[in-house]
Amino acid sequence: RPSTPLPPSPSWSHSLSAPARGEHGCWNERRAGVNPPRMIVTALFGVLAFGLAVLVVLLRAVRQSEALRHRAAATFLQTFGLGETIERLITPKLRELLCRVKLRGRVIDCGSGMGICLRHLLKQSDIEEIVCIETNPHLLPCLEKIAASAEKGKRVKIYNGSLQNFITENPQSAGTFDSVLSAHTLVCMGHVSVAAKMMQICLKKGGKLVFLEPVLAPTSKPKTRFFQKICRVPMILMCGGYDPCRNIAKSLRSVSWEHLEIEEFSAKCKKRSSLQSILKYHVMGHATAKEAKGGLHQDTNGVIGRAMKRLGKNPTAWRGKGSFRM
């Protein structure tokens with residue numbers, strides 16, 4: 001009769017190794033059923049979902065609070081390098097534009113920001129007065145520092161508020177300015193045609209609107225257009241309404257001008273970055289006003305009036321007030 005083999009005797013080496021089948025077989029199968037890569041992927045998805053939820057909450061908070069929007073825009077401009085990127089992109093073409101279109105007399109620098117355009121305006125000898133209009137209070141110290149270096153013959157005023165508040169609170173200023181400069185300002189407006197009409201209201205007959213604005217990339221650049229559309233909503237909420245997908249040329253053509261000249265260009269910069277690739281496509285040019293306007297009350301049936309009626313607002317009653325800082 002053949003003898004059956006005895007089971008192995010327990011030992012420390014056996015207890016430290018993988019358990020054998022039989023008594024511990026069920027535990028070993030459950031252990032084998034665990035898939036570590038699947039657990040890692042599940043954990044990553046959980047962390048990603050939590051991060052997206054936090055981001056949505058933050059974006060909603062920024063959208064509902066004007067103070068948070070101003071703080072976020074100032075942080076992106078000053079701390080995260082958005083202001084430096086914009087300055088590197090537009091400075092060569094801005095100099096060319098100001099040499100081509102001579103500014104003189106009274107000038108409005110609409111959306112002054114960190115004072116990129118103000119530095120160039122202070123070098124223009126024919127300019128007598130500059131009114132800087134900026135809604136973000138966190139950017140005013142930069143403007144005040146640059147304005148302090150102005151020559152004695154030039155007057156620099158800094159207005160903390162929107163363009164519509166400036167027109168409403170200073171109706172005597174409508175139709176008295178020789179030029180309005182808009183560099184990366186119309187791109188932040190909710191209604192570009194309405195903002196252009198307001199700028200026209202400030203101009204004398206024959207006054208010029210000088211603009212340099214980023215636009216959506218051409219159709220020949222599908223990757224850039226895709227990233228612009230992805231970054232659109234975060235930039236609108238975190239960068240003061242900055243929308244890189246605007247059609248500035250179409251909006252400017254919807255306003256009646258005596259003469260309108262628009263040129264498209266792609267900005268070049270030595271230092272490459274992903275932000276630069278999103279913002280490098282621009283339009284620039286100038287528009288000549290037909291006649292001086294007398295204020296918002298004369299345009300209740302025009303572009304501004306129609307836009308405000310669609311929004312359910314009175315075009316002569318704006319929310320909020322502005323103030324002069326200098």
# chains A, B, ... in the order shown; residues from 1 in each chain; ligands from 1
>>> select_by_dssp(residues="region 176-277 of chain A", states="helix (DSSP H, G or I)", output="number ranges by chain")
A: 186-188, 192-202, 222-238, 248-253, 274-277
>>> residues_around(residues="region 106-117 of chain A", least_positions_apart="3", cutoff="6 Å", atoms="only C-alpha atoms", output="mmCIF file with C-alpha atoms, in the first residue's frame")
data_model
loop_
_atom_site.group_PDB
_atom_site.id
_atom_site.type_symbol
_atom_site.label_atom_id
_atom_site.label_comp_id
_atom_site.auth_asym_id
_atom_site.auth_seq_id
_atom_site.Cartn_x
_atom_site.Cartn_y
_atom_site.Cartn_z
ATOM 1 C CA HIS A 120 4.475 105.796 -24.903
ATOM 2 C CA GLU A 128 -1.468 118.173 -23.914
ATOM 3 C CA GLU A 129 -3.727 116.117 -21.648
ATOM 4 C CA ILE A 130 -4.073 112.384 -20.999
ATOM 5 C CA VAL A 131 -7.066 110.877 -19.193
ATOM 6 C CA CYS A 132 -6.392 107.305 -18.060
ATOM 7 C CA ILE A 133 -9.565 105.287 -17.473
ATOM 8 C CA GLU A 134 -9.111 102.112 -15.428
ATOM 9 C CA LEU A 139 -3.619 98.708 -10.893
ATOM 10 C CA CYS A 142 1.332 101.546 -11.282
ATOM 11 C CA LEU A 143 -0.412 104.315 -13.217
ATOM 12 C CA PHE A 177 -11.261 114.627 -27.116
ATOM 13 C CA ASP A 178 -8.958 114.427 -30.120
ATOM 14 C CA SER A 179 -8.057 110.729 -29.761
ATOM 15 C CA VAL A 180 -8.944 107.577 -27.864
ATOM 16 C CA LEU A 181 -6.342 104.817 -27.508
ATOM 17 C CA SER A 182 -7.511 101.255 -26.923
ATOM 18 C CA THR A 185 -9.217 96.999 -23.967
#
>>> select_by_dssp(residues="region 108-198 of chain A", states="strand (DSSP E or B)", output="list in words")
Ile108, Asp109, Cys110, Ile127, Glu128, Glu129, Ile130, Val131, Cys132, Ile133, Glu134, Arg155, Val156, Lys157, Ile158, Tyr159, Asn160, Phe177, Asp178, Ser179, Val180, Leu181, Ser182 and Ala183 of chain A
>>> write_last_selection(atoms="N, CA and C atoms", output="CSV table (one decimal), in the first residue's frame")
chain,number,residue,atom,x,y,z
A,108,ILE,N,-7.6,110.1,-24.5
A,108,ILE,CA,-8.1,109.1,-23.5
A,108,ILE,C,-7.4,107.8,-23.7
A,109,ASP,N,-6.7,107.3,-22.7
A,109,ASP,CA,-6.1,106.0,-22.6
A,109,ASP,C,-7.1,105.1,-22.0
A,110,CYS,N,-7.9,104.4,-22.7
A,110,CYS,CA,-9.0,103.6,-22.2
A,110,CYS,C,-8.5,102.2,-21.8
A,127,ILE,N,0.8,116.0,-27.4
A,127,ILE,CA,-0.3,115.6,-26.5
A,127,ILE,C,-0.2,116.6,-25.3
A,128,GLU,N,-1.4,117.2,-25.0
A,128,GLU,CA,-1.5,118.2,-23.9
A,128,GLU,C,-2.1,117.6,-22.6
A,129,GLU,N,-3.1,116.7,-22.8
A,129,GLU,CA,-3.7,116.1,-21.6
A,129,GLU,C,-4.0,114.7,-21.9
A,130,ILE,N,-3.8,113.8,-20.9
A,130,ILE,CA,-4.1,112.4,-21.0
A,130,ILE,C,-5.0,112.0,-19.9
A,131,VAL,N,-6.1,111.4,-20.2
A,131,VAL,CA,-7.1,110.9,-19.2
A,131,VAL,C,-7.0,109.4,-19.2
A,132,CYS,N,-6.5,108.8,-18.2
A,132,CYS,CA,-6.4,107.3,-18.1
A,132,CYS,C,-7.6,106.8,-17.4
A,133,ILE,N,-8.3,105.9,-18.0
A,133,ILE,CA,-9.6,105.3,-17.5
A,133,ILE,C,-9.3,103.8,-17.2
A,134,GLU,N,-9.4,103.5,-15.9
A,134,GLU,CA,-9.1,102.1,-15.4
A,134,GLU,C,-10.1,101.7,-14.3
A,155,ARG,N,-0.7,117.3,-18.7
A,155,ARG,CA,-1.6,116.9,-17.6
A,155,ARG,C,-2.0,115.5,-17.7
A,156,VAL,N,-1.9,114.8,-16.6
A,156,VAL,CA,-2.3,113.4,-16.6
A,156,VAL,C,-3.4,113.2,-15.5
A,157,LYS,N,-4.5,112.7,-15.9
A,157,LYS,CA,-5.6,112.4,-15.0
A,157,LYS,C,-5.9,110.9,-15.0
A,158,ILE,N,-6.1,110.4,-13.8
A,158,ILE,CA,-6.4,109.0,-13.7
A,158,ILE,C,-7.9,108.8,-13.1
A,159,TYR,N,-8.7,108.2,-13.9
A,159,TYR,CA,-10.1,108.0,-13.5
A,159,TYR,C,-10.3,106.6,-13.1
A,160,ASN,N,-10.7,106.3,-11.9
A,160,ASN,CA,-11.0,104.9,-11.5
A,160,ASN,C,-12.5,104.6,-11.7
A,177,PHE,N,-12.6,115.3,-27.1
A,177,PHE,CA,-11.3,114.6,-27.1
A,177,PHE,C,-10.8,114.4,-28.6
A,178,ASP,N,-9.5,114.6,-28.8
A,178,ASP,CA,-9.0,114.4,-30.1
A,178,ASP,C,-8.7,113.0,-30.5
A,179,SER,N,-8.4,112.1,-29.5
A,179,SER,CA,-8.1,110.7,-29.8
A,179,SER,C,-8.4,109.9,-28.6
A,180,VAL,N,-8.7,108.6,-28.9
A,180,VAL,CA,-8.9,107.6,-27.9
A,180,VAL,C,-8.0,106.4,-28.2
A,181,LEU,N,-7.2,105.9,-27.3
A,181,LEU,CA,-6.3,104.8,-27.5
A,181,LEU,C,-6.9,103.6,-26.8
A,182,SER,N,-7.0,102.5,-27.5
A,182,SER,CA,-7.5,101.3,-26.9
A,182,SER,C,-6.5,100.2,-27.3
A,183,ALA,N,-5.8,99.7,-26.3
A,183,ALA,CA,-4.8,98.6,-26.5
A,183,ALA,C,-5.2,97.5,-25.6
>>> atom_distance(atom1="CA of Val187 (chain A)", atom2="CA of Phe76 (chain A)")
16.1 Å
>>> atom_distance(atom1="CA of Met198 (chain A)", atom2="CA of Gln164 (chain A)")
7.0 Å
>>> residues_around(residues="region 243-254 of chain A", least_positions_apart="2", cutoff="10 Å", atoms="only C-alpha atoms", output="NGL selection string")
:A and (184 or 186-197 or 211-217 or 225 or 228-229 or 231-237 or 239-241 or 256-257 or 260-264 or 278-285 or 287 or 303)
>>> closest_residue(among="A:Thr288, A:Thr75, A:Lys268, A:Lys154", to="Arg88 (chain A)", atoms="only C-alpha atoms")
A:Lys268
